[in-house]
Every structure is written in structure tokens, then in C-alpha cells.
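K.L.:
final04.pdb is reproduced in full below (PDB, C-alpha atoms).
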```pdb
ATOM      1  CA  MET A  19      31.678  71.226 130.797  1.00  0.00           C
ATOM      2  CA  SER A  20      31.467  68.645 133.549  1.00  0.00           C
ATOM      3  CA  SER A  21      28.643  66.197 134.005  1.00  0.00           C
ATOM      4  CA  GLU A  22      27.543  67.982 137.192  1.00  0.00           C
ATOM      5  CA  ALA A  23      27.247  71.296 135.369  1.00  0.00           C
ATOM      6  CA  ARG A  24      25.258  69.661 132.607  1.00  0.00           C
ATOM      7  CA  ALA A  25      22.978  68.072 135.209  1.00  0.00           C
ATOM      8  CA  GLY A  26      22.329  71.497 136.729  1.00  0.00           C
ATOM      9  CA  LEU A  27      21.266  72.933 133.358  1.00  0.00           C
ATOM     10  CA  MET A  28      19.269  69.998 132.204  1.00  0.00           C
ATOM     11  CA  ARG A  29      16.479  68.843 134.439  1.00  0.00           C
ATOM     12  CA  LYS A  30      14.078  65.982 134.207  1.00  0.00           C
ATOM     13  CA  PRO A  31      10.877  67.083 132.448  1.00  0.00           C
ATOM     14  CA  GLY A  32       7.860  67.541 134.701  1.00  0.00           C
ATOM     15  CA  PRO A  33       5.769  70.122 136.488  1.00  0.00           C
ATOM     16  CA  ARG A  34       7.782  72.900 138.136  1.00  0.00           C
ATOM     17  CA  LEU A  35       4.993  74.801 139.848  1.00  0.00           C
ATOM     18  CA  LYS A  36       4.418  72.040 142.385  1.00  0.00           C
ATOM     19  CA  VAL A  37       7.833  72.539 143.952  1.00  0.00           C
ATOM     20  CA  TYR A  38       7.549  76.299 144.429  1.00  0.00           C
ATOM     21  CA  ALA A  39       3.836  76.723 145.198  1.00  0.00           C
ATOM     22  CA  PRO A  40       3.089  77.348 148.863  1.00  0.00           C
ATOM     23  CA  LEU A  41      -0.347  75.659 148.563  1.00  0.00           C
ATOM     24  CA  LYS A  42      -0.558  72.173 149.964  1.00  0.00           C
ATOM     25  CA  PHE A  43      -3.135  70.818 147.467  1.00  0.00           C
ATOM     26  CA  VAL A  44      -0.964  71.927 144.506  1.00  0.00           C
ATOM     27  CA  ARG A  45       2.057  70.083 145.841  1.00  0.00           C
ATOM     28  CA  SER A  46      -0.036  66.956 146.419  1.00  0.00           C
ATOM     29  CA  GLY A  47      -1.138  66.789 142.774  1.00  0.00           C
ATOM     30  CA  GLY A  48      -4.217  68.978 142.325  1.00  0.00           C
ATOM     31  CA  HIS A  49      -7.790  68.975 143.531  1.00  0.00           C
ATOM     32  CA  GLY A  50      -8.023  65.276 144.083  1.00  0.00           C
ATOM     33  CA  LYS A  51      -8.339  62.095 142.143  1.00  0.00           C
ATOM     34  CA  LYS A  52      -9.994  62.360 138.731  1.00  0.00           C
ATOM     35  CA  SER A  53     -13.096  60.325 138.183  1.00  0.00           C
ATOM     36  CA  GLY A  54     -13.054  57.714 135.412  1.00  0.00           C
ATOM     37  CA  TYR A  55     -16.776  58.367 134.709  1.00  0.00           C
ATOM     38  CA  ALA A  56     -17.617  60.989 132.115  1.00  0.00           C
ATOM     39  CA  GLU A  57     -21.176  62.268 132.035  1.00  0.00           C
ATOM     40  CA  LEU A  58     -22.727  62.452 128.545  1.00  0.00           C
ATOM     41  CA  ASN A  59     -25.847  64.367 127.697  1.00  0.00           C
ATOM     42  CA  LEU A  60     -27.626  61.813 125.510  1.00  0.00           C
ATOM     43  CA  THR A  61     -30.818  63.844 125.102  1.00  0.00           C
ATOM     44  CA  SER A  62     -29.222  66.376 122.771  1.00  0.00           C
ATOM     45  CA  MET A  63     -27.502  63.625 120.781  1.00  0.00           C
ATOM     46  CA  VAL A  64     -30.793  61.753 120.281  1.00  0.00           C
ATOM     47  CA  ASP A  65     -32.518  64.998 119.262  1.00  0.00           C
ATOM     48  CA  MET A  66     -29.837  65.724 116.668  1.00  0.00           C
ATOM     49  CA  LEU A  67     -29.998  62.180 115.312  1.00  0.00           C
ATOM     50  CA  THR A  68     -33.789  62.440 114.993  1.00  0.00           C
ATOM     51  CA  ILE A  69     -33.510  65.724 113.084  1.00  0.00           C
ATOM     52  CA  LEU A  70     -30.940  64.236 110.700  1.00  0.00           C
ATOM     53  CA  VAL A  71     -33.058  61.135 110.049  1.00  0.00           C
ATOM     54  CA  VAL A  72     -36.185  63.198 109.325  1.00  0.00           C
ATOM     55  CA  PHE A  73     -34.238  65.518 107.003  1.00  0.00           C
ATOM     56  CA  LEU A  74     -32.713  62.622 105.077  1.00  0.00           C
ATOM     57  CA  LEU A  75     -36.058  60.846 104.737  1.00  0.00           C
ATOM     58  CA  GLN A  76     -37.700  63.985 103.357  1.00  0.00           C
ATOM     59  CA  THR A  77     -34.967  64.641 100.816  1.00  0.00           C
ATOM     60  CA  PHE A  78     -34.450  61.035  99.732  1.00  0.00           C
ATOM     61  CA  SER A  79     -36.122  59.843  96.561  1.00  0.00           C
ATOM     62  CA  ALA A  80     -35.950  56.135  95.784  1.00  0.00           C
ATOM     63  CA  SER A  81     -37.163  56.600  92.223  1.00  0.00           C
ATOM     64  CA  GLY A  82     -34.590  59.273  91.395  1.00  0.00           C
ATOM     65  CA  GLU A  83     -37.307  61.846  90.704  1.00  0.00           C
ATOM     66  CA  LEU A  84     -35.864  65.195  89.739  1.00  0.00           C
ATOM     67  CA  LEU A  85     -39.118  66.987  89.215  1.00  0.00           C
ATOM     68  CA  THR A  86     -41.749  68.314  91.572  1.00  0.00           C
ATOM     69  CA  VAL A  87     -44.835  69.648  89.851  1.00  0.00           C
ATOM     70  CA  GLN A  88     -46.190  72.993  90.975  1.00  0.00           C
ATOM     71  CA  LYS A  89     -49.634  73.020  92.569  1.00  0.00           C
ATOM     72  CA  ASN A  90     -51.351  75.003  89.812  1.00  0.00           C
ATOM     73  CA  ILE A  91     -50.108  72.792  86.933  1.00  0.00           C
ATOM     74  CA  VAL A  92     -51.849  69.687  85.608  1.00  0.00           C
ATOM     75  CA  LEU A  93     -49.425  67.805  83.371  1.00  0.00           C
ATOM     76  CA  PRO A  94     -50.665  66.093  80.207  1.00  0.00           C
ATOM     77  CA  GLU A  95     -50.580  62.295  80.042  1.00  0.00           C
ATOM     78  CA  ALA A  96     -48.392  60.251  77.698  1.00  0.00           C
ATOM     79  CA  GLN A  97     -47.794  56.549  77.070  1.00  0.00           C
ATOM     80  CA  ASN A  98     -44.306  56.897  75.601  1.00  0.00           C
ATOM     81  CA  PHE A  99     -41.778  58.688  77.767  1.00  0.00           C
ATOM     82  CA  LYS A 100     -38.222  58.570  79.072  1.00  0.00           C
ATOM     83  CA  ASP A 101     -36.722  59.597  82.392  1.00  0.00           C
ATOM     84  CA  LEU A 102     -35.627  63.204  82.628  1.00  0.00           C
ATOM     85  CA  GLU A 103     -32.092  64.403  83.324  1.00  0.00           C
ATOM     86  CA  GLN A 104     -31.273  67.247  85.647  1.00  0.00           C
ATOM     87  CA  ALA A 105     -31.836  70.553  83.854  1.00  0.00           C
ATOM     88  CA  PRO A 106     -33.407  73.986  84.407  1.00  0.00           C
ATOM     89  CA  ILE A 107     -37.179  73.668  84.879  1.00  0.00           C
ATOM     90  CA  ILE A 108     -39.581  76.093  83.221  1.00  0.00           C
ATOM     91  CA  ALA A 109     -43.099  75.884  84.668  1.00  0.00           C
ATOM     92  CA  VAL A 110     -45.930  77.282  82.555  1.00  0.00           C
ATOM     93  CA  SER A 111     -49.284  77.692  84.280  1.00  0.00           C
ATOM     94  CA  ARG A 112     -52.330  79.737  83.318  1.00  0.00           C
ATOM     95  CA  GLU A 113     -51.091  82.598  85.518  1.00  0.00           C
ATOM     96  CA  SER A 114     -47.297  82.643  85.212  1.00  0.00           C
ATOM     97  CA  VAL A 115     -44.098  81.372  83.659  1.00  0.00           C
ATOM     98  CA  THR A 116     -41.313  80.507  86.124  1.00  0.00           C
ATOM     99  CA  LEU A 117     -37.725  79.324  85.773  1.00  0.00           C
ATOM    100  CA  ASP A 118     -36.602  77.133  88.682  1.00  0.00           C
ATOM    101  CA  GLY A 119     -39.324  78.690  90.839  1.00  0.00           C
ATOM    102  CA  ARG A 120     -38.520  82.338  89.963  1.00  0.00           C
ATOM    103  CA  LEU A 121     -41.186  84.347  88.114  1.00  0.00           C
ATOM    104  CA  VAL A 122     -40.051  85.385  84.621  1.00  0.00           C
ATOM    105  CA  ALA A 123     -43.327  86.357  82.928  1.00  0.00           C
ATOM    106  CA  ASN A 124     -47.045  86.775  83.415  1.00  0.00           C
ATOM    107  CA  ALA A 125     -48.810  84.144  81.257  1.00  0.00           C
ATOM    108  CA  GLU A 126     -51.980  86.190  80.803  1.00  0.00           C
ATOM    109  CA  GLN A 127     -49.934  89.109  79.484  1.00  0.00           C
ATOM    110  CA  LEU A 128     -48.005  86.814  77.120  1.00  0.00           C
ATOM    111  CA  ASN A 129     -51.267  85.436  75.763  1.00  0.00           C
ATOM    112  CA  THR A 130     -52.726  88.877  75.007  1.00  0.00           C
ATOM    113  CA  GLU A 131     -49.564  90.292  73.410  1.00  0.00           C
ATOM    114  CA  ASN A 132     -49.532  90.218  69.616  1.00  0.00           C
ATOM    115  CA  THR A 133     -45.882  90.936  69.023  1.00  0.00           C
ATOM    116  CA  VAL A 134     -43.638  89.942  66.158  1.00  0.00           C
ATOM    117  CA  ASP A 135     -40.869  89.027  68.605  1.00  0.00           C
ATOM    118  CA  TRP A 136     -41.704  85.717  70.278  1.00  0.00           C
ATOM    119  CA  LYS A 137     -38.818  85.969  72.769  1.00  0.00           C
ATOM    120  CA  ILE A 138     -39.582  86.286  76.497  1.00  0.00           C
ATOM    121  CA  THR A 139     -36.715  88.606  77.448  1.00  0.00           C
ATOM    122  CA  ASP A 140     -36.395  87.794  81.150  1.00  0.00           C
ATOM    123  CA  LEU A 141     -36.541  84.031  80.512  1.00  0.00           C
ATOM    124  CA  HIS A 142     -33.975  84.314  77.720  1.00  0.00           C
ATOM    125  CA  ASP A 143     -31.560  86.372  79.851  1.00  0.00           C
ATOM    126  CA  GLN A 144     -31.731  83.984  82.818  1.00  0.00           C
ATOM    127  CA  LEU A 145     -31.210  80.939  80.570  1.00  0.00           C
ATOM    128  CA  VAL A 146     -28.158  82.579  78.975  1.00  0.00           C
ATOM    129  CA  THR A 147     -26.792  83.273  82.466  1.00  0.00           C
ATOM    130  CA  LEU A 148     -27.282  79.606  83.442  1.00  0.00           C
ATOM    131  CA  LYS A 149     -25.571  78.500  80.228  1.00  0.00           C
ATOM    132  CA  ASN A 150     -22.585  80.801  80.822  1.00  0.00           C
ATOM    133  CA  ASN A 151     -22.300  79.616  84.441  1.00  0.00           C
ATOM    134  CA  PHE A 152     -22.252  75.998  83.266  1.00  0.00           C
ATOM    135  CA  LYS A 153     -19.502  76.753  80.765  1.00  0.00           C
ATOM    136  CA  LEU A 154     -17.434  78.487  83.471  1.00  0.00           C
ATOM    137  CA  LEU A 155     -17.875  75.669  85.987  1.00  0.00           C
ATOM    138  CA  HIS A 156     -17.403  72.828  83.475  1.00  0.00           C
ATOM    139  CA  PRO A 157     -14.987  74.077  80.790  1.00  0.00           C
ATOM    140  CA  SER A 158     -14.088  70.579  79.559  1.00  0.00           C
ATOM    141  CA  GLU A 159     -17.700  69.340  79.213  1.00  0.00           C
ATOM    142  CA  PRO A 160     -19.896  70.164  76.232  1.00  0.00           C
ATOM    143  CA  PHE A 161     -23.072  72.130  76.939  1.00  0.00           C
ATOM    144  CA  ALA A 162     -26.076  69.835  76.409  1.00  0.00           C
ATOM    145  CA  GLY A 163     -28.624  72.645  76.083  1.00  0.00           C
ATOM    146  CA  THR A 164     -31.341  70.684  77.888  1.00  0.00           C
ATOM    147  CA  VAL A 165     -34.319  72.317  79.553  1.00  0.00           C
ATOM    148  CA  ILE A 166     -37.474  70.791  81.090  1.00  0.00           C
ATOM    149  CA  VAL A 167     -40.861  72.413  80.428  1.00  0.00           C
ATOM    150  CA  GLN A 168     -43.748  71.740  82.805  1.00  0.00           C
ATOM    151  CA  ALA A 169     -46.741  73.091  80.929  1.00  0.00           C
ATOM    152  CA  ASP A 170     -50.281  72.877  82.196  1.00  0.00           C
ATOM    153  CA  LYS A 171     -52.357  70.903  79.708  1.00  0.00           C
ATOM    154  CA  ASN A 172     -54.886  73.766  79.435  1.00  0.00           C
ATOM    155  CA  VAL A 173     -52.353  76.522  78.663  1.00  0.00           C
ATOM    156  CA  ASP A 174     -52.670  78.195  75.270  1.00  0.00           C
ATOM    157  CA  PHE A 175     -50.065  76.913  72.809  1.00  0.00           C
ATOM    158  CA  LYS A 176     -49.070  80.502  71.995  1.00  0.00           C
ATOM    159  CA  ILE A 177     -47.432  80.763  75.442  1.00  0.00           C
ATOM    160  CA  VAL A 178     -45.690  77.381  75.073  1.00  0.00           C
ATOM    161  CA  LYS A 179     -44.420  78.476  71.639  1.00  0.00           C
ATOM    162  CA  LYS A 180     -42.940  81.666  73.131  1.00  0.00           C
ATOM    163  CA  VAL A 181     -41.244  79.612  75.869  1.00  0.00           C
ATOM    164  CA  MET A 182     -39.807  77.176  73.313  1.00  0.00           C
ATOM    165  CA  TYR A 183     -38.604  80.029  71.075  1.00  0.00           C
ATOM    166  CA  SER A 184     -36.927  81.769  74.045  1.00  0.00           C
ATOM    167  CA  CYS A 185     -35.173  78.509  74.947  1.00  0.00           C
ATOM    168  CA  ALA A 186     -33.941  78.000  71.383  1.00  0.00           C
ATOM    169  CA  VAL A 187     -32.621  81.560  71.079  1.00  0.00           C
ATOM    170  CA  ALA A 188     -30.809  81.171  74.435  1.00  0.00           C
ATOM    171  CA  GLY A 189     -29.025  78.037  73.169  1.00  0.00           C
ATOM    172  CA  TYR A 190     -31.242  75.344  74.690  1.00  0.00           C
ATOM    173  CA  ALA A 191     -32.139  73.207  71.688  1.00  0.00           C
ATOM    174  CA  ASN A 192     -33.075  70.088  73.682  1.00  0.00           C
ATOM    175  CA  VAL A 193     -36.521  70.880  75.149  1.00  0.00           C
ATOM    176  CA  ASN A 194     -38.098  68.079  77.213  1.00  0.00           C
ATOM    177  CA  PHE A 195     -41.728  68.212  78.297  1.00  0.00           C
ATOM    178  CA  ALA A 196     -42.722  66.828  81.686  1.00  0.00           C
ATOM    179  CA  VAL A 197     -45.737  64.515  81.454  1.00  0.00           C
ATOM    180  CA  GLN A 198     -47.620  62.087  83.638  1.00  0.00           C
ATOM    181  CA  GLN A 199     -47.474  58.419  82.776  1.00  0.00           C
ATOM    182  CA  LYS A 200     -50.740  57.323  81.264  1.00  0.00           C
ATOM    183  CA  THR A 201     -52.340  54.429  83.092  1.00  0.00           C
ATOM    184  CA  LYS A 202     -52.547  51.207  81.076  1.00  0.00           C
ATOM    185  CA  GLY A 203     -56.184  50.561  81.912  1.00  0.00           C
ATOM    186  CA  GLY A 204     -57.933  52.482  79.131  1.00  0.00           C
ATOM    187  CA  GLY A 205     -58.373  55.544  81.435  1.00  0.00           C
TER     188      GLY A 205
END
```
How does this structure look as C-alpha cells?
P.N.:
Amino acid sequence: MSSEARAGLMRKPGPRLKVYAPLKFVRSGGHGKKSGYAELNLTSMVDMLTILVVFLLQTFSASGELLTVQKNIVLPEAQNFKDLEQAPIIAVSRESVTLDGRLVANAEQLNTENTVDWKITDLHDQLVTLKNNFKLLHPSEPFAGTVIVQADKNVDFKIVKKVMYSCAVAGYANVNFAVQQKTKGGG
């Protein structure tokens, strides 16, 4: 094949429409010269930044607190304590028993029941589910069996005993109680 034939088949890359279009502005390169100034809508960017900052400030905890106490629970005070690790939280108030904010039992009903079986069935079943999920998600890690109990200081011990028994039967042998730090001023 001669060099002229090859030149006819191979063309210089570039726009082809300009040559064949009957419109004058297409052949001249488009609608005109492009502006080097790009308009930015800063209002929406500032709004988004403000929302992110407020969200981060609300979720940030400088002390590393893992626990928020429910409104209807008054924690007992203690002088000796250690920081809690992340674990399922069982809240025991005068009205209800909850696991991570979900109702599992009515405390008044638990207090009036005189049963031989101390196990709270719904609490036990949900704890077993959490334990099985942990084992599935972390097969190489041992299960610590830690649970945090937030018990109101005026709740009958019978209810706390049922909660502790349900935890033990479900495989949570390490029961930590949430307390408030006692002030060092004799109060």
C-alpha cells in the first residue's frame, strides 16, 4: 500500500462535524469563547458544613462516655469504680426493663410474680441473639460475656436478681453496674 493510500485511510484526529456542518457557528468553533470564571453556590456549601459541624459536636464525647442514663433512672453512688467497656446495656427502672432501649419486661409485673424460674425470657432470648451475632461477626475473638446494668437505686432487688440470672443463663457472666461517682466532699 502506498503512502498516499495510507494517508487517505488515516486522518489526523480531531472534530469531523465542523467540516460537514452547514451552520456557520459550528464551523467557527461553537457558541463563542468559554469564560474562565466558574460560578459557585457557596450558600449550600456553608449550610452543609454547618450541619456537619453541629452533628459532629453532638456526637463527640471527650471523656469517652459510652453510657447515657435514661430519664427515669437514678443511679446509685460509689467511690470505687472503673470505666466501662462497650457492651449491651440493660436499664432497670421502676416501670420497665429495657435492653439497648428496647422494652423486654414490665418491672411491676416482674416484682409481683412469685415464680420458681427467675429467667426473664425475652431478655434472655435477645441476649443470646446478641451473643450469637458477635460470634458470627468475630469468629477469631473470644466472647467476653460483658453486660452493663443501669438499675435505679430504688428498684426492688428481686427485679435486679432476675436480670442478673437471665444474663448468666444467656452466657453473660461479666455483669457491670453503672454508678455515679460519689463526690469527695462528704456528700
K.L.:
List the residues selected by the PyMOL selection byres ((chain A and resi 178) around 12) in the file shown, writing them as a VMD selection string.
P.N.:
chain A and resid 108 to 112 114 to 115 125 128 to 129 136 to 138 167 to 177 179 to 185 193 195
K.L.:
Just say which residues the PyMOL selection byres ((chain A and resi 194) around 10) picks in this file, as a ChimeraX atom specification.
P.N.:
/A:100,102-103,105,107,164-168,191-193,195-197
K.L.:
Mind telling me what the PyMOL selection byres ((chain A and resi 144-152) around 9) catches here, as a list of chain:residue names?
P.N.:
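Applied to this file, the PyMOL selection byres ((chain A and resi 144-152) around 9) selects A:Pro106, A:Leu117, A:Val122, A:Thr139, A:Asp140, A:Leu141, A:His142, A:Asp143, A:Lys153, A:Leu154, A:Leu155, A:His156, A:Pro157, A:Phe161, A:Gly163, A:Ser184, A:Cys185, A:Ala188, A:Gly189, A:Tyr190.
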K.L.:
Quick one, how far is atom CA of A:Ala186 from atom CA of A:Ile91?
P.N.:
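Atom CA of A:Ile91 lies at a distance of 23.0 Å from atom CA of A:Ala186.
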K.L.:
So what do you get for atom CA of A:Val187 versus atom CA of A:Thr116, distance-wise?
P.N.:
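Going from atom CA of A:Val187 over to atom CA of A:Thr116 covers 17.4 Å.
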K.L.:
Record the distance separating atom CA of A:Glu126 and atom CA of A:Glu113, expressed in Å with one decimal.
P.N.:
6.0 Å
